[in-house]
Amino acid sequence: MKKYCYLKSKHEKLRRRELLILGITSLFWLLYRTGTKPSRIEYPCQRAALANVSIMFKSFIPVSLGVAFIKIRGSLSKKWKVLLLVIIAASIVVTSGNFWDMFLSAEAVDPNQELQLVLEPRTAIASPASDIYVVNGREYAHINQLIDLMGQHGLLFYKSDTSGTNKGPNGLIARDDIVLIKINEEWPQRGGTNTDVLKELIQAIVNHPDVFIGEIVVVDNGQWQGSMNWPQSNAEDITQSTQDVVDMFSPYYNVSTYTWRAIRGVQVNEYVDGDMTDGYVVYDTPDPQTGLYVSYPKFKTEFGTYISFKYGIWNGTGYENKLKVINLPVLKSHKWYGVTAALKHYMGVQSEGSFVSGGLANGHECVATGGMGVLMIETKVPTLNIIDSIWINANPPPADMAGPSTPYSYATRVNVLLASTDPVALDYWAAKHVLMQAAQLIGYNDTHTLDPDNTDKSGVYTEAFGVWLNRTKNVFLSAGFNVTTDENNMNVYINPEPVHDLAVSNVVTSKPIFNVGEVVDINVTIENQGNCLENFTLTVFYVRKIDPIINETTVILTAYANTTLTFQWIPNATGVYRIFAEVTPVPGEIDTLDNINKTMISVVSNSTSTYYSPPRASYLQNSHFEQGILEISSEQFNSLVR
């Protein structure tokens, strides 16, 4: 036992020493790499170093003070003992995460909630127009529904010699194509591409109506970290990794993964030059407009296919134009650049080297100048961009919870998938109508860092989203591509199209007859019979000789929801009253006839019998109405209820 304790003590001393060395080394690295540019503190390697320094301080400051106290407490006066204990306690508080969390800016009220967004279709009023396809809601936000929506509006997913549903000669994916699905493998939890969406996309490809005989490779360069097999993934079942999904298909189809991160530091030549090595081809000179050194991968797949990301499939003597790229990012905020969507996602194509050792190029710093546009144009413009917005990070910079990393508790579920062949228009619309709307719904008033029309870079570390998005657009336009950031040049197709329909389904009181001065409880049931979240006014009033309002309140109802509200009113005169409840029509409402409902009560003096029988219908039909107001004298009423 003594030997075990000695060995354990020795091991703990070594472990503490290693931790101290790691912390000191990380501190020097942090100071050296950050230098005079504080924005570098957000580099992944800097964040890791900062974490190590934090651990060192948290571990050693309180412990060291505690050890010192034990050794010298015998020689200290009572006053100094108390003072030193206070200092130790304060050091524990200050070095704890909770202490510093108090100084962070206010975050969203409830970021881990599910929202129903209001997404409106639109028709372009100028040309050329870019088409955006959106499926919205749990029932609709699936790849098959997205493909159907695209097909209904002319963008066919399947390339085929025969025309039919979602297929035709102008379709996107042929039966023998090699399809690269570019995902985000860099982040676990909600920061990476949703693996349920990935599974549906692979299933859709292999379900090609002409029988799929091609190959699918799920790819990414996670730069400083990444995995195709994260134990905590972005899916309904969080244990379902990218590799798990691929393994479901690989016994039956040629489906595999390839992590370019492993080859990001290997510079190679093209196959046509006789170089068969997996690695990255890098341009010798930077792009004059953006400063980007273009780089792209070439590699051999698990099934023996040689792929050049720029030129296509190498068959031994030449390149075949059978390579298709589907760009599948997850929508989220980004502390450096405001928004990650289709364009920023292409960072995982090139060989990053600006702040991670082992890379060969400078893509990250060139996002601000429009470099991702150059990268797409010079290598492979995506055949289709699909933005995964099932769970998003809607916390705008400089919020502490802003992306790119997105732990489960930082994500907001919105159940939206978006697609377009124009990555610029898609990024613009997704940021403005999905990301900004969600941010506002979860409690943020300032969303300028997510705004594609914003040019103020305060709140982000590098450049405003609106600035670099427009620079990227200009790169595409100068190369002859029709892209846009003008919503007048966008057709937006929504499935399902928004339906606005409110109704007051019931108005009841606790009993039909009341005394003067008695509280009347009025229960009003209202329904949202449409598929949009609505914000409207409910008014409850009675009709007699005048129309006083009993109460008025603002109501917010999610799609297909209903609620019952209770209002109280004290009548001060006898008579027959009709009590109405009415909701204000919302813009675009399809049916307003049921926006009002009513009930009838009578109010009698305290000496009147409380026995009540409803008035005969024949009498009410013949009663006197004045400007739509039912008037019944107390004598007539008493004769009815006896």
# chains A, B, ... in the order shown; residues from 1 in each chain; ligands from 1
>>> select_by_dssp(residues="stretch 155-231 of chain A", states="strand (DSSP E)", output="PyMOL selection string")
chain A and resi 158-159+167-168+178-182+215-220
>>> residues_around(residues="stretch 493-508 of chain A", least_positions_apart="6", cutoff="6 Å", atoms="only C-alpha atoms", output="list of chain:residue names")
A:Pro121, A:Tyr133, A:Val134, A:Val135, A:Ile522, A:Asn523, A:Val524, A:Thr525, A:Ile526, A:Glu527, A:Asn528, A:Gln529, A:Gly530, A:Asn531, A:Glu589, A:Ile590, A:Asp594, A:Asn595, A:Ile596, A:Asn597, A:Lys598, A:Thr599
>>> write_last_selection(atoms="C-alpha atoms", output="PDB file, in the first residue's frame")
ATOM      1  CA  PRO A 121     -42.500  33.064 -51.887  1.00  0.00           C
ATOM      2  CA  TYR A 133     -36.187  26.360 -53.531  1.00  0.00           C
ATOM      3  CA  VAL A 134     -37.312  26.143 -49.903  1.00  0.00           C
ATOM      4  CA  VAL A 135     -39.062  23.361 -47.982  1.00  0.00           C
ATOM      5  CA  ILE A 522     -65.946  34.999 -20.989  1.00  0.00           C
ATOM      6  CA  ASN A 523     -63.912  32.142 -22.528  1.00  0.00           C
ATOM      7  CA  VAL A 524     -62.748  32.762 -26.085  1.00  0.00           C
ATOM      8  CA  THR A 525     -61.169  29.977 -28.160  1.00  0.00           C
ATOM      9  CA  ILE A 526     -59.111  31.111 -31.130  1.00  0.00           C
ATOM     10  CA  GLU A 527     -57.401  28.959 -33.733  1.00  0.00           C
ATOM     11  CA  ASN A 528     -54.548  29.411 -36.158  1.00  0.00           C
ATOM     12  CA  GLN A 529     -55.765  27.288 -39.064  1.00  0.00           C
ATOM     13  CA  GLY A 530     -52.836  28.267 -41.270  1.00  0.00           C
ATOM     14  CA  ASN A 531     -49.229  27.095 -41.433  1.00  0.00           C
ATOM     15  CA  GLU A 589     -55.572  35.791 -44.860  1.00  0.00           C
ATOM     16  CA  ILE A 590     -57.635  33.442 -47.030  1.00  0.00           C
ATOM     17  CA  ASP A 594     -64.760  33.087 -39.158  1.00  0.00           C
ATOM     18  CA  ASN A 595     -62.680  35.826 -37.569  1.00  0.00           C
ATOM     19  CA  ILE A 596     -65.618  36.806 -35.358  1.00  0.00           C
ATOM     20  CA  ASN A 597     -67.841  34.778 -33.074  1.00  0.00           C
ATOM     21  CA  LYS A 598     -70.428  35.621 -30.397  1.00  0.00           C
ATOM     22  CA  THR A 599     -72.562  34.411 -27.543  1.00  0.00           C
TER      23      THR A 599
END
>>> residues_around(residues="A:His208", least_positions_apart="5", cutoff="8 Å", atoms="only C-alpha atoms", output="list of chain:residue names")
A:Tyr158, A:Ala174, A:Arg175
>>> atom_distance(atom1="atom CA of A:Ala425", atom2="atom CA of A:Lys159")
24.1 Å
>>> atom_distance(atom1="atom CA of A:Asn515", atom2="atom CA of A:Arg578")
15.7 Å
>>> atom_distance(atom1="atom CA of A:Gly575", atom2="atom CA of A:Thr539")
21.8 Å
>>> residues_around(residues="A:His142", least_positions_apart="5", cutoff="9 Å", atoms="only C-alpha atoms", output="PyMOL selection string")
chain A and resi 135-136+147+197+200-201+415-417
>>> closest_atom_pairs(of="stretch 166-257 of chain A", to="stretch 407-412 of chain A", cutoff="8 Å", atoms="only C-alpha atoms", output="Markdown table")
| residue | atom | partner | partner_atom | distance |
| --- | --- | --- | --- | --- |
| A:Pro188 | CA | A:Pro407 | CA | 7.7 |
| A:Gln189 | CA | A:Pro407 | CA | 5.5 |
| A:Arg190 | CA | A:Tyr408 | CA | 5.8 |
| A:Gly191 | CA | A:Pro407 | CA | 7.0 |
>>> closest_atom_pairs(of="stretch 303-400 of chain A", to="stretch 223-242 of chain A", cutoff="12 Å", atoms="only C-alpha atoms", output="tab-separated table")
residue	atom	partner	partner_atom	distance
A:Val330	CA	A:Asn234	CA	9.7
A:His345	CA	A:Gln223	CA	11.8
A:Tyr346	CA	A:Gln223	CA	11.6
A:Met347	CA	A:Gln223	CA	8.5
A:Gly348	CA	A:Gln223	CA	6.9
A:Val349	CA	A:Gln223	CA	9.5
A:Gln350	CA	A:Gln223	CA	9.1
A:Ser351	CA	A:Gln223	CA	7.6
A:Glu352	CA	A:Gln223	CA	6.2
A:Gly353	CA	A:Gln223	CA	8.4
A:Ser354	CA	A:Gln223	CA	10.4
A:Phe355	CA	A:Trp224	CA	8.9
A:Val356	CA	A:Trp224	CA	6.2
A:Ser357	CA	A:Trp224	CA	8.6
A:Gly358	CA	A:Gln223	CA	9.3
A:Gly359	CA	A:Gln223	CA	8.0
A:Leu360	CA	A:Gln223	CA	11.1
A:Ala361	CA	A:Gln223	CA	11.3
A:Asn362	CA	A:Gln223	CA	11.7
A:Gly363	CA	A:Gln223	CA	10.8
A:His364	CA	A:Gln223	CA	10.2
A:Asp388	CA	A:Asn234	CA	10.6
A:Ser389	CA	A:Asn234	CA	11.2
A:Ile390	CA	A:Ala235	CA	9.1
A:Trp391	CA	A:Asn234	CA	8.2
A:Ile392	CA	A:Asn234	CA	10.4
